[in-house]
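run.cif follows; it contains mmCIF, C-alpha atoms.
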data_final
#
loop_
_atom_site.group_PDB
_atom_site.id
_atom_site.type_symbol
_atom_site.label_atom_id
_atom_site.label_comp_id
_atom_site.auth_asym_id
_atom_site.auth_seq_id
_atom_site.Cartn_x
_atom_site.Cartn_y
_atom_site.Cartn_z
ATOM 1 C CA MET D 1 15.022 -5.504 -3.204
ATOM 2 C CA GLY D 2 15.612 -8.545 -5.346
ATOM 3 C CA ALA D 3 18.404 -8.624 -7.886
ATOM 4 C CA GLY D 4 17.621 -7.099 -11.279
ATOM 5 C CA ILE D 5 14.406 -5.238 -10.459
ATOM 6 C CA HIS D 6 16.136 -1.948 -9.654
ATOM 7 C CA ALA D 7 16.998 -1.246 -13.308
ATOM 8 C CA GLN D 8 13.294 -0.825 -14.147
ATOM 9 C CA LEU D 9 12.110 0.464 -10.782
ATOM 10 C CA LEU D 10 14.600 3.316 -10.739
ATOM 11 C CA ALA D 11 14.492 4.178 -14.455
ATOM 12 C CA GLU D 12 13.495 7.428 -16.166
ATOM 13 C CA GLY D 13 15.378 9.629 -13.715
ATOM 14 C CA ALA D 14 13.718 8.114 -10.628
ATOM 15 C CA LEU D 15 17.058 7.235 -9.030
ATOM 16 C CA ASP D 16 18.333 10.770 -9.544
ATOM 17 C CA ARG D 17 15.212 12.162 -7.875
ATOM 18 C CA LEU D 18 15.628 9.813 -4.904
ATOM 19 C CA ALA D 19 19.257 10.887 -4.561
ATOM 20 C CA GLN D 20 18.114 14.534 -4.406
ATOM 21 C CA VAL D 21 15.741 13.767 -1.555
ATOM 22 C CA ALA D 22 18.061 11.707 0.630
ATOM 23 C CA ALA D 23 21.661 10.594 0.966
ATOM 24 C CA VAL D 24 21.584 7.434 -1.129
ATOM 25 C CA ASP D 25 24.314 5.006 -2.060
ATOM 26 C CA THR D 26 23.108 4.716 -5.654
ATOM 27 C CA GLY D 27 25.360 1.780 -6.403
ATOM 28 C CA ARG D 28 24.079 -0.447 -3.589
ATOM 29 C CA PHE D 29 21.136 -2.799 -4.090
ATOM 30 C CA VAL D 30 20.613 -5.195 -1.215
ATOM 31 C CA PRO D 31 18.985 -8.600 -1.731
ATOM 32 C CA ASP D 32 20.475 -9.853 1.566
ATOM 33 C CA PHE D 33 21.473 -7.856 4.662
ATOM 34 C CA ALA D 34 24.348 -10.286 5.235
ATOM 35 C CA ASP D 35 26.034 -8.812 2.163
ATOM 36 C CA VAL D 36 26.209 -5.327 3.707
ATOM 37 C CA GLU D 37 29.027 -4.208 5.978
ATOM 38 C CA PRO D 38 27.805 -3.450 9.532
ATOM 39 C CA ALA D 39 28.918 0.200 9.389
ATOM 40 C CA ALA D 40 26.584 0.921 6.464
ATOM 41 C CA LEU D 41 23.636 -0.731 8.197
ATOM 42 C CA ALA D 42 24.354 1.154 11.410
ATOM 43 C CA GLU D 43 23.921 4.489 9.558
ATOM 44 C CA THR D 44 20.714 3.517 7.770
ATOM 45 C CA GLU D 45 17.649 5.585 8.674
ATOM 46 C CA VAL D 46 15.284 4.597 5.836
ATOM 47 C CA LEU D 47 14.954 1.416 3.831
ATOM 48 C CA PHE D 48 13.626 1.842 0.289
ATOM 49 C CA THR D 49 12.255 -1.610 -0.549
ATOM 50 C CA HIS D 50 10.597 -3.501 -3.373
ATOM 51 C CA TRP D 51 9.853 -7.069 -4.491
ATOM 52 C CA GLY D 52 12.356 -9.555 -3.122
ATOM 53 C CA ALA D 53 13.325 -7.436 -0.114
ATOM 54 C CA PRO D 54 15.091 -9.427 2.628
ATOM 55 C CA LEU D 55 13.108 -10.292 5.730
ATOM 56 C CA LEU D 56 13.294 -7.653 8.454
ATOM 57 C CA THR D 57 13.972 -9.985 11.346
ATOM 58 C CA ALA D 58 14.855 -8.881 14.855
ATOM 59 C CA ASP D 59 18.507 -9.703 14.125
ATOM 60 C CA ALA D 60 18.470 -7.570 10.980
ATOM 61 C CA LEU D 61 16.897 -4.673 12.854
ATOM 62 C CA ARG D 62 19.490 -4.848 15.648
ATOM 63 C CA ALA D 63 22.097 -4.053 12.997
ATOM 64 C CA MET D 64 20.134 -0.894 12.086
ATOM 65 C CA PRO D 65 19.652 1.012 15.348
ATOM 66 C CA ARG D 66 18.875 4.288 13.505
ATOM 67 C CA LEU D 67 16.229 2.814 11.227
ATOM 68 C CA ARG D 68 12.969 4.732 11.496
ATOM 69 C CA ALA D 69 11.057 3.978 8.298
ATOM 70 C CA VAL D 70 10.525 1.259 5.705
ATOM 71 C CA ILE D 71 9.280 2.773 2.442
ATOM 72 C CA HIS D 72 7.998 0.042 0.153
ATOM 73 C CA ALA D 73 7.823 0.983 -3.526
ATOM 74 C CA ALA D 74 5.346 -1.833 -4.191
ATOM 75 C CA GLY D 75 2.145 -3.316 -2.758
ATOM 76 C CA SER D 76 1.997 -5.743 0.140
ATOM 77 C CA VAL D 77 4.606 -5.432 2.886
ATOM 78 C CA LYS D 78 3.732 -8.819 4.391
ATOM 79 C CA HIS D 79 6.629 -10.544 2.665
ATOM 80 C CA HIS D 80 9.366 -8.644 4.511
ATOM 81 C CA VAL D 81 7.868 -6.638 7.415
ATOM 82 C CA THR D 82 7.794 -8.755 10.579
ATOM 83 C CA GLU D 83 6.366 -8.288 14.058
ATOM 84 C CA ALA D 84 9.788 -6.998 15.112
ATOM 85 C CA VAL D 85 9.288 -3.929 12.907
ATOM 86 C CA TRP D 86 6.070 -2.995 14.684
ATOM 87 C CA GLU D 87 7.607 -3.669 18.090
ATOM 88 C CA ARG D 88 10.391 -1.210 17.293
ATOM 89 C CA GLY D 89 7.853 1.441 16.294
ATOM 90 C CA ILE D 90 9.318 1.764 12.796
ATOM 91 C CA ALA D 91 7.043 3.557 10.346
ATOM 92 C CA VAL D 92 5.983 1.585 7.269
ATOM 93 C CA SER D 93 4.628 2.943 4.009
ATOM 94 C CA THR D 94 3.436 1.211 0.851
ATOM 95 C CA ALA D 95 2.853 2.188 -2.772
ATOM 96 C CA ALA D 96 -0.086 -0.218 -2.946
ATOM 97 C CA GLY D 97 -2.281 2.661 -4.079
ATOM 98 C CA ALA D 98 -0.057 3.204 -7.106
ATOM 99 C CA ASN D 99 0.019 -0.506 -7.871
ATOM 100 C CA ALA D 100 -3.784 -0.624 -7.662
ATOM 101 C CA LEU D 101 -4.144 1.568 -10.746
ATOM 102 C CA PRO D 102 -2.872 -0.834 -13.447
ATOM 103 C CA VAL D 103 -4.689 -3.771 -11.829
ATOM 104 C CA ALA D 104 -7.955 -1.831 -11.931
ATOM 105 C CA GLU D 105 -7.322 -0.809 -15.542
ATOM 106 C CA PHE D 106 -6.642 -4.433 -16.477
ATOM 107 C CA THR D 107 -9.833 -5.466 -14.699
ATOM 108 C CA LEU D 108 -11.949 -2.868 -16.491
ATOM 109 C CA ALA D 109 -10.527 -3.932 -19.850
ATOM 110 C CA THR D 110 -11.280 -7.543 -18.968
ATOM 111 C CA ILE D 111 -14.882 -6.829 -17.945
ATOM 112 C CA LEU D 112 -15.569 -4.944 -21.145
ATOM 113 C CA ALA D 113 -13.812 -7.505 -23.337
ATOM 114 C CA THR D 114 -15.524 -10.523 -21.805
ATOM 115 C CA GLY D 115 -18.914 -8.874 -22.218
ATOM 116 C CA LYS D 116 -18.184 -8.687 -25.939
ATOM 117 C CA ARG D 117 -16.944 -12.310 -25.892
ATOM 118 C CA ILE D 118 -13.690 -11.389 -27.596
ATOM 119 C CA LEU D 119 -12.124 -14.844 -27.178
ATOM 120 C CA ASP D 120 -15.165 -16.557 -28.689
ATOM 121 C CA SER D 121 -15.445 -14.155 -31.605
ATOM 122 C CA ALA D 122 -11.715 -14.291 -32.387
ATOM 123 C CA ARG D 123 -11.825 -18.088 -32.385
ATOM 124 C CA ALA D 124 -14.928 -18.159 -34.601
ATOM 125 C CA TYR D 125 -13.293 -15.760 -37.068
ATOM 126 C CA ARG D 126 -10.053 -17.742 -37.064
ATOM 127 C CA GLU D 127 -11.926 -20.971 -37.775
ATOM 128 C CA ALA D 128 -14.220 -19.470 -40.412
ATOM 129 C CA ARG D 129 -11.525 -17.429 -42.174
ATOM 130 C CA GLY D 130 -14.433 -15.567 -43.698
ATOM 131 C CA GLN D 131 -17.774 -14.048 -42.768
ATOM 132 C CA VAL D 132 -18.883 -14.814 -39.208
ATOM 133 C CA HIS D 133 -22.624 -14.830 -38.564
ATOM 134 C CA LEU D 134 -22.593 -12.676 -35.447
ATOM 135 C CA LEU D 135 -26.246 -13.083 -34.553
ATOM 136 C CA GLU D 136 -25.867 -16.854 -34.585
ATOM 137 C CA TYR D 137 -22.726 -16.902 -32.466
ATOM 138 C CA PHE D 138 -23.236 -14.077 -30.013
ATOM 139 C CA THR D 139 -26.909 -13.602 -29.272
ATOM 140 C CA GLY D 140 -27.311 -12.259 -25.755
ATOM 141 C CA HIS D 141 -23.771 -10.925 -25.411
ATOM 142 C CA GLY D 142 -22.785 -7.288 -24.866
ATOM 143 C CA ASN D 143 -22.277 -4.821 -22.012
ATOM 144 C CA HIS D 144 -25.640 -3.079 -21.887
ATOM 145 C CA ARG D 145 -27.057 -3.405 -18.350
ATOM 146 C CA ARG D 146 -24.836 -6.321 -17.464
ATOM 147 C CA THR D 147 -24.528 -7.162 -13.769
ATOM 148 C CA VAL D 148 -20.963 -6.941 -12.511
ATOM 149 C CA GLY D 149 -20.051 -8.294 -9.080
ATOM 150 C CA ILE D 150 -17.028 -6.872 -7.238
ATOM 151 C CA VAL D 151 -15.694 -8.998 -4.390
ATOM 152 C CA GLY D 152 -13.769 -6.773 -1.990
ATOM 153 C CA ALA D 153 -13.693 -2.989 -1.653
ATOM 154 C CA SER D 154 -9.920 -2.983 -1.417
ATOM 155 C CA ARG D 155 -7.791 -0.234 -2.962
ATOM 156 C CA ILE D 156 -8.081 -2.062 -6.261
ATOM 157 C CA GLY D 157 -11.746 -2.904 -5.796
ATOM 158 C CA ARG D 158 -12.586 0.743 -5.090
ATOM 159 C CA ARG D 159 -10.664 1.905 -8.134
ATOM 160 C CA VAL D 160 -12.519 -0.658 -10.278
ATOM 161 C CA LEU D 161 -15.819 0.650 -8.906
ATOM 162 C CA GLU D 162 -14.762 4.168 -9.827
ATOM 163 C CA LEU D 163 -13.812 3.117 -13.362
ATOM 164 C CA LEU D 164 -17.128 1.314 -13.833
ATOM 165 C CA ARG D 165 -19.201 4.438 -13.142
ATOM 166 C CA PRO D 166 -19.397 5.740 -16.744
ATOM 167 C CA PHE D 167 -20.702 2.413 -18.045
ATOM 168 C CA ASP D 168 -24.207 1.039 -18.152
ATOM 169 C CA PHE D 169 -23.744 -1.739 -15.592
ATOM 170 C CA GLU D 170 -25.592 -2.816 -12.497
ATOM 171 C CA VAL D 171 -22.802 -3.167 -9.937
ATOM 172 C CA LEU D 172 -22.977 -5.400 -6.870
ATOM 173 C CA LEU D 173 -20.435 -5.369 -4.062
ATOM 174 C CA TYR D 174 -19.562 -7.872 -1.376
ATOM 175 C CA ASP D 175 -17.296 -6.724 1.426
ATOM 176 C CA PRO D 176 -17.942 -7.573 5.092
ATOM 177 C CA TYR D 177 -16.371 -4.255 6.151
ATOM 178 C CA VAL D 178 -18.599 -2.061 3.938
ATOM 179 C CA ASP D 179 -22.201 -1.271 4.820
ATOM 180 C CA ALA D 180 -25.029 -0.527 2.403
ATOM 181 C CA SER D 181 -24.655 3.251 2.647
ATOM 182 C CA GLU D 182 -20.928 3.211 1.910
ATOM 183 C CA ALA D 183 -21.449 0.756 -0.957
ATOM 184 C CA GLU D 184 -24.013 3.104 -2.467
ATOM 185 C CA GLY D 185 -21.492 5.915 -2.257
ATOM 186 C CA LEU D 186 -19.054 3.718 -4.159
ATOM 187 C CA GLY D 187 -21.604 3.200 -6.914
ATOM 188 C CA ALA D 188 -22.671 -0.316 -5.986
ATOM 189 C CA ARG D 189 -25.316 -2.241 -4.082
ATOM 190 C CA SER D 190 -24.154 -4.244 -1.100
ATOM 191 C CA VAL D 191 -25.195 -7.911 -1.184
ATOM 192 C CA GLU D 192 -24.095 -11.183 0.354
ATOM 193 C CA LEU D 193 -21.478 -13.112 -1.567
ATOM 194 C CA ASP D 194 -23.698 -15.968 -2.714
ATOM 195 C CA GLU D 195 -26.265 -13.537 -4.091
ATOM 196 C CA LEU D 196 -23.552 -11.632 -5.933
ATOM 197 C CA VAL D 197 -22.261 -14.842 -7.486
ATOM 198 C CA ARG D 198 -25.725 -15.998 -8.560
ATOM 199 C CA ARG D 199 -26.716 -12.688 -10.160
ATOM 200 C CA SER D 200 -23.541 -11.469 -11.841
ATOM 201 C CA SER D 201 -22.506 -11.940 -15.445
ATOM 202 C CA VAL D 202 -18.949 -11.061 -14.397
ATOM 203 C CA VAL D 203 -17.499 -11.688 -10.934
ATOM 204 C CA SER D 204 -14.200 -9.912 -10.259
ATOM 205 C CA ILE D 205 -12.187 -10.837 -7.150
ATOM 206 C CA HIS D 206 -10.338 -8.124 -5.211
ATOM 207 C CA ALA D 207 -10.267 -9.605 -1.708
ATOM 208 C CA PRO D 208 -7.040 -10.045 0.291
ATOM 209 C CA GLN D 209 -5.237 -13.321 0.859
ATOM 210 C CA LEU D 210 -6.110 -14.285 4.432
ATOM 211 C CA PRO D 211 -6.744 -17.622 6.160
ATOM 212 C CA GLU D 212 -10.484 -16.955 6.061
ATOM 213 C CA THR D 213 -10.490 -16.107 2.335
ATOM 214 C CA ARG D 214 -8.657 -19.235 1.209
ATOM 215 C CA HIS D 215 -10.844 -21.037 -1.358
ATOM 216 C CA MET D 216 -13.704 -18.596 -0.822
ATOM 217 C CA PHE D 217 -14.589 -19.701 -4.346
ATOM 218 C CA ASP D 218 -14.881 -23.401 -3.640
ATOM 219 C CA ARG D 219 -16.835 -26.071 -5.498
ATOM 220 C CA ARG D 220 -20.156 -25.045 -3.947
ATOM 221 C CA ARG D 221 -19.767 -21.342 -4.684
ATOM 222 C CA LEU D 222 -18.449 -21.865 -8.211
ATOM 223 C CA ALA D 223 -21.542 -23.934 -8.941
ATOM 224 C CA LEU D 224 -23.637 -20.835 -8.140
ATOM 225 C CA LEU D 225 -22.222 -18.959 -11.126
ATOM 226 C CA ARG D 226 -24.827 -18.562 -13.826
ATOM 227 C CA ASP D 227 -24.234 -20.323 -17.147
ATOM 228 C CA GLY D 228 -22.000 -18.170 -19.339
ATOM 229 C CA ALA D 229 -20.693 -16.059 -16.444
ATOM 230 C CA THR D 230 -17.050 -14.992 -16.275
ATOM 231 C CA LEU D 231 -14.866 -15.232 -13.180
ATOM 232 C CA VAL D 232 -11.977 -12.738 -13.087
ATOM 233 C CA ASN D 233 -9.157 -13.209 -10.593
ATOM 234 C CA THR D 234 -6.436 -10.576 -10.353
ATOM 235 C CA ALA D 235 -6.106 -10.923 -6.551
ATOM 236 C CA ARG D 236 -4.475 -14.121 -5.288
ATOM 237 C CA GLY D 237 -4.691 -17.654 -6.616
ATOM 238 C CA SER D 238 -5.480 -19.125 -3.205
ATOM 239 C CA LEU D 239 -8.897 -17.448 -3.159
ATOM 240 C CA VAL D 240 -10.110 -19.959 -5.748
ATOM 241 C CA ASP D 241 -10.083 -23.755 -5.553
ATOM 242 C CA THR D 242 -8.097 -24.471 -8.723
ATOM 243 C CA ALA D 243 -9.240 -28.077 -9.056
ATOM 244 C CA ALA D 244 -12.909 -27.169 -8.704
ATOM 245 C CA LEU D 245 -12.546 -24.242 -11.114
ATOM 246 C CA THR D 246 -10.807 -26.429 -13.673
ATOM 247 C CA GLU D 247 -13.730 -28.860 -13.559
ATOM 248 C CA GLU D 248 -16.275 -26.084 -14.077
ATOM 249 C CA LEU D 249 -14.281 -24.582 -16.925
ATOM 250 C CA SER D 250 -13.703 -27.954 -18.570
ATOM 251 C CA SER D 251 -17.475 -28.370 -18.780
ATOM 252 C CA GLY D 252 -17.664 -25.176 -20.849
ATOM 253 C CA ARG D 253 -20.395 -23.800 -18.591
ATOM 254 C CA ILE D 254 -18.511 -20.665 -17.480
ATOM 255 C CA HIS D 255 -15.559 -18.522 -18.552
ATOM 256 C CA ALA D 256 -12.547 -17.216 -16.641
ATOM 257 C CA VAL D 257 -9.816 -14.617 -16.835
ATOM 258 C CA LEU D 258 -7.036 -15.705 -14.504
ATOM 259 C CA ASP D 259 -4.010 -13.511 -13.882
ATOM 260 C CA VAL D 260 -3.184 -15.456 -10.704
ATOM 261 C CA THR D 261 -3.547 -19.129 -9.872
ATOM 262 C CA GLU D 262 -2.683 -21.655 -7.217
ATOM 263 C CA PRO D 263 0.042 -22.714 -7.709
ATOM 264 C CA GLU D 264 1.392 -19.437 -9.066
ATOM 265 C CA VAL D 265 2.783 -21.292 -12.075
ATOM 266 C CA LEU D 266 0.463 -24.082 -13.138
ATOM 267 C CA PRO D 267 1.768 -27.535 -14.095
ATOM 268 C CA ALA D 268 2.552 -27.870 -17.787
ATOM 269 C CA ASP D 269 -0.332 -30.315 -18.258
ATOM 270 C CA SER D 270 -2.995 -28.036 -16.729
ATOM 271 C CA PRO D 271 -6.087 -27.765 -18.972
ATOM 272 C CA LEU D 272 -6.271 -24.064 -18.105
ATOM 273 C CA TYR D 273 -3.531 -23.350 -20.652
ATOM 274 C CA THR D 274 -5.602 -24.594 -23.571
ATOM 275 C CA LEU D 275 -9.292 -24.333 -22.676
ATOM 276 C CA PRO D 276 -10.997 -21.998 -25.176
ATOM 277 C CA ASN D 277 -13.078 -20.325 -22.457
ATOM 278 C CA VAL D 278 -10.039 -19.317 -20.361
ATOM 279 C CA LEU D 279 -7.749 -16.317 -20.706
ATOM 280 C CA LEU D 280 -4.669 -17.134 -18.642
ATOM 281 C CA THR D 281 -2.022 -14.454 -18.092
ATOM 282 C CA PRO D 282 1.246 -14.681 -16.085
ATOM 283 C CA HIS D 283 0.505 -12.198 -13.273
ATOM 284 C CA ILE D 284 0.731 -9.107 -15.483
ATOM 285 C CA ALA D 285 -2.141 -7.015 -14.091
ATOM 286 C CA GLY D 286 0.032 -5.234 -11.535
ATOM 287 C CA SER D 287 2.758 -2.702 -12.289
ATOM 288 C CA LEU D 288 5.137 -3.697 -15.071
ATOM 289 C CA GLY D 289 7.543 -1.797 -17.316
ATOM 290 C CA ASN D 290 7.059 1.954 -17.133
ATOM 291 C CA GLU D 291 4.302 1.501 -14.519
ATOM 292 C CA LEU D 292 7.007 0.648 -11.978
ATOM 293 C CA VAL D 293 8.238 4.234 -12.053
ATOM 294 C CA ARG D 294 4.860 5.439 -10.753
ATOM 295 C CA MET D 295 5.405 3.361 -7.592
ATOM 296 C CA THR D 296 8.936 4.729 -7.275
ATOM 297 C CA HIS D 297 7.669 8.309 -7.284
ATOM 298 C CA TRP D 298 4.979 7.507 -4.708
ATOM 299 C CA ALA D 299 7.677 6.015 -2.468
ATOM 300 C CA THR D 300 10.096 8.887 -3.091
ATOM 301 C CA ASP D 301 7.350 11.312 -2.062
ATOM 302 C CA GLU D 302 7.240 9.453 1.255
ATOM 303 C CA VAL D 303 11.013 9.743 1.729
ATOM 304 C CA GLU D 304 10.668 13.454 1.047
ATOM 305 C CA ARG D 305 8.005 13.745 3.745
ATOM 306 C CA ILE D 306 10.309 12.065 6.253
ATOM 307 C CA ALA D 307 13.082 14.502 5.345
ATOM 308 C CA GLN D 308 10.672 17.408 5.943
ATOM 309 C CA GLY D 309 9.400 16.000 9.229
ATOM 310 C CA LEU D 310 5.919 15.357 7.819
ATOM 311 C CA PRO D 311 3.746 12.292 8.504
ATOM 312 C CA LEU D 312 3.626 9.548 5.890
ATOM 313 C CA ALA D 313 0.788 9.819 3.383
ATOM 314 C CA HIS D 314 0.498 6.079 2.763
ATOM 315 C CA GLY D 315 1.479 4.555 6.073
ATOM 316 C CA VAL D 316 0.214 1.137 7.137
ATOM 317 C CA GLY D 317 0.046 -0.606 10.488
ATOM 318 C CA PRO D 318 -0.347 -4.125 11.812
ATOM 319 C CA ASP D 319 -4.089 -3.729 12.389
ATOM 320 C CA GLU D 320 -4.706 -2.835 8.753
ATOM 321 C CA LEU D 321 -2.645 -5.783 7.534
ATOM 322 C CA SER D 322 -4.933 -8.189 9.377
ATOM 323 C CA HIS D 323 -7.623 -7.612 6.723
ATOM 324 C CA SER D 324 -5.676 -6.426 3.697
ATOM 325 C CA ALA D 325 -3.298 -7.878 1.155
#
For the file at hand, write its structure as structure tokens.
Amino acid sequence: MGAGIHAQLLAEGALDRLAQVAAVDTGRFVPDFADVEPAALAETEVLFTHWGAPLLTADALRAMPRLRAVIHAAGSVKHHVTEAVWERGIAVSTAAGANALPVAEFTLATILATGKRILDSARAYREARGQVHLLEYFTGHGNHRRTVGIVGASRIGRRVLELLRPFDFEVLLYDPYVDASEAEGLGARSVELDELVRRSSVVSIHAPQLPETRHMFDRRRLALLRDGATLVNTARGSLVDTAALTEELSSGRIHAVLDVTEPEVLPADSPLYTLPNVLLTPHIAGSLGNELVRMTHWATDEVERIAQGLPLAHGVGPDELSHSA
């Protein structure tokens, strides 16, 4: 894993628990395989990885002939698991399910907050510094029978759908891999993407970053958003055409909550930092702080299964990665 992350990832006794499950060199954190003596790599059976893990190239794997599992205590494994891992038949597991929970919670909070127009009301109160005439400012706002569109029945998308059930929303879902019957079971109605965009007061993106999803929200599709709608992106910045979105937002016609952008860090002169109809956050929806420990325990459970000769509970394969994050 990358330097520095282990202090939070393995906090609250998580490192001690991992050391009880397997023989762990608790003082060794590896941002680069070149920094590890060959004898240590030759004995390695399981890699416990996280953000910033070094790339598992064929050369790296040749130095680890006993390696049989890569247990990733985070979400996507695409950043370090290569084709060579699959060719060797090495098992791969991910804590993406654990990381989905805080993203879904953030999304739910966002949907509810934007329905109440919290940014608008806070700004009006700040400017008035006195009584705000709510009927004048916020006629038509609220969460009663709003239409919410969920783009992608991913782990996060499904958790968002679950969290939306107690509320009085009409929920639409677009996912090319989910049919109408399954969507209904998830608490949503399956529709095509353009219809979802046209009808929804809030559109929340949970699709994976793939070549075919790049700029799925382009100029044409953004123009379909109804006046006053809110676009929420906690997935990947590349799914939205930033230039086209900036134009739409600059007009004041729509709102946005953006936890991810393209580029990941916007230029200092981007209007998105200051537009009153934009809530811009620095990729905080996923696991942070004490939420990291949840992923550690998911991953440690997987190491424990390996030690007991049990199959992985959260294994992934190359076929799944072709249509997931």
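Restricting the calculation to all atoms listed in the file, the smallest distance between Tyr174 of chain D and any of D:Leu193, D:Ala188, D:Leu280, D:Leu61 is found for D:Leu193.
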I would like the residues chosen by the PyMOL selection byres ((chain D and resi 146) around 7) on the shown file; could you give them as JSON, numbers by chain? {"D": [143, 144, 145, 147, 148, 169, 170, 201]}
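Closest approach to Ser121 of chain D among D:Pro276, D:Gly152, D:Thr44, D:Gln8 is made by D:Pro276 (distances from only C-alpha atoms).
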Please, what is the axis-aligned box for every listed atom of segment 90-100 of chain D with 6 Å on each side, as centre and edge lengths in Å to one decimal, as JSON?
{"center_x": 2.8, "center_y": 1.5, "center_z": 2.5, "size_x": 25.1, "size_y": 16.2, "size_z": 32.7}
Using all atoms listed in the file, what residues lie at most 10 Å away from (-25.1, -20.6, -15.9) (file coordinates), given as a VMD selection string? chain D and resid 198 to 199 201 223 to 230 253 to 254
What's the 7 Å shell around Leu9 of chain D, counting all atoms listed in the file, without same-chain residues fewer than 5 positions away, as a list in words? Leu292, Val293 and Thr296 of chain D
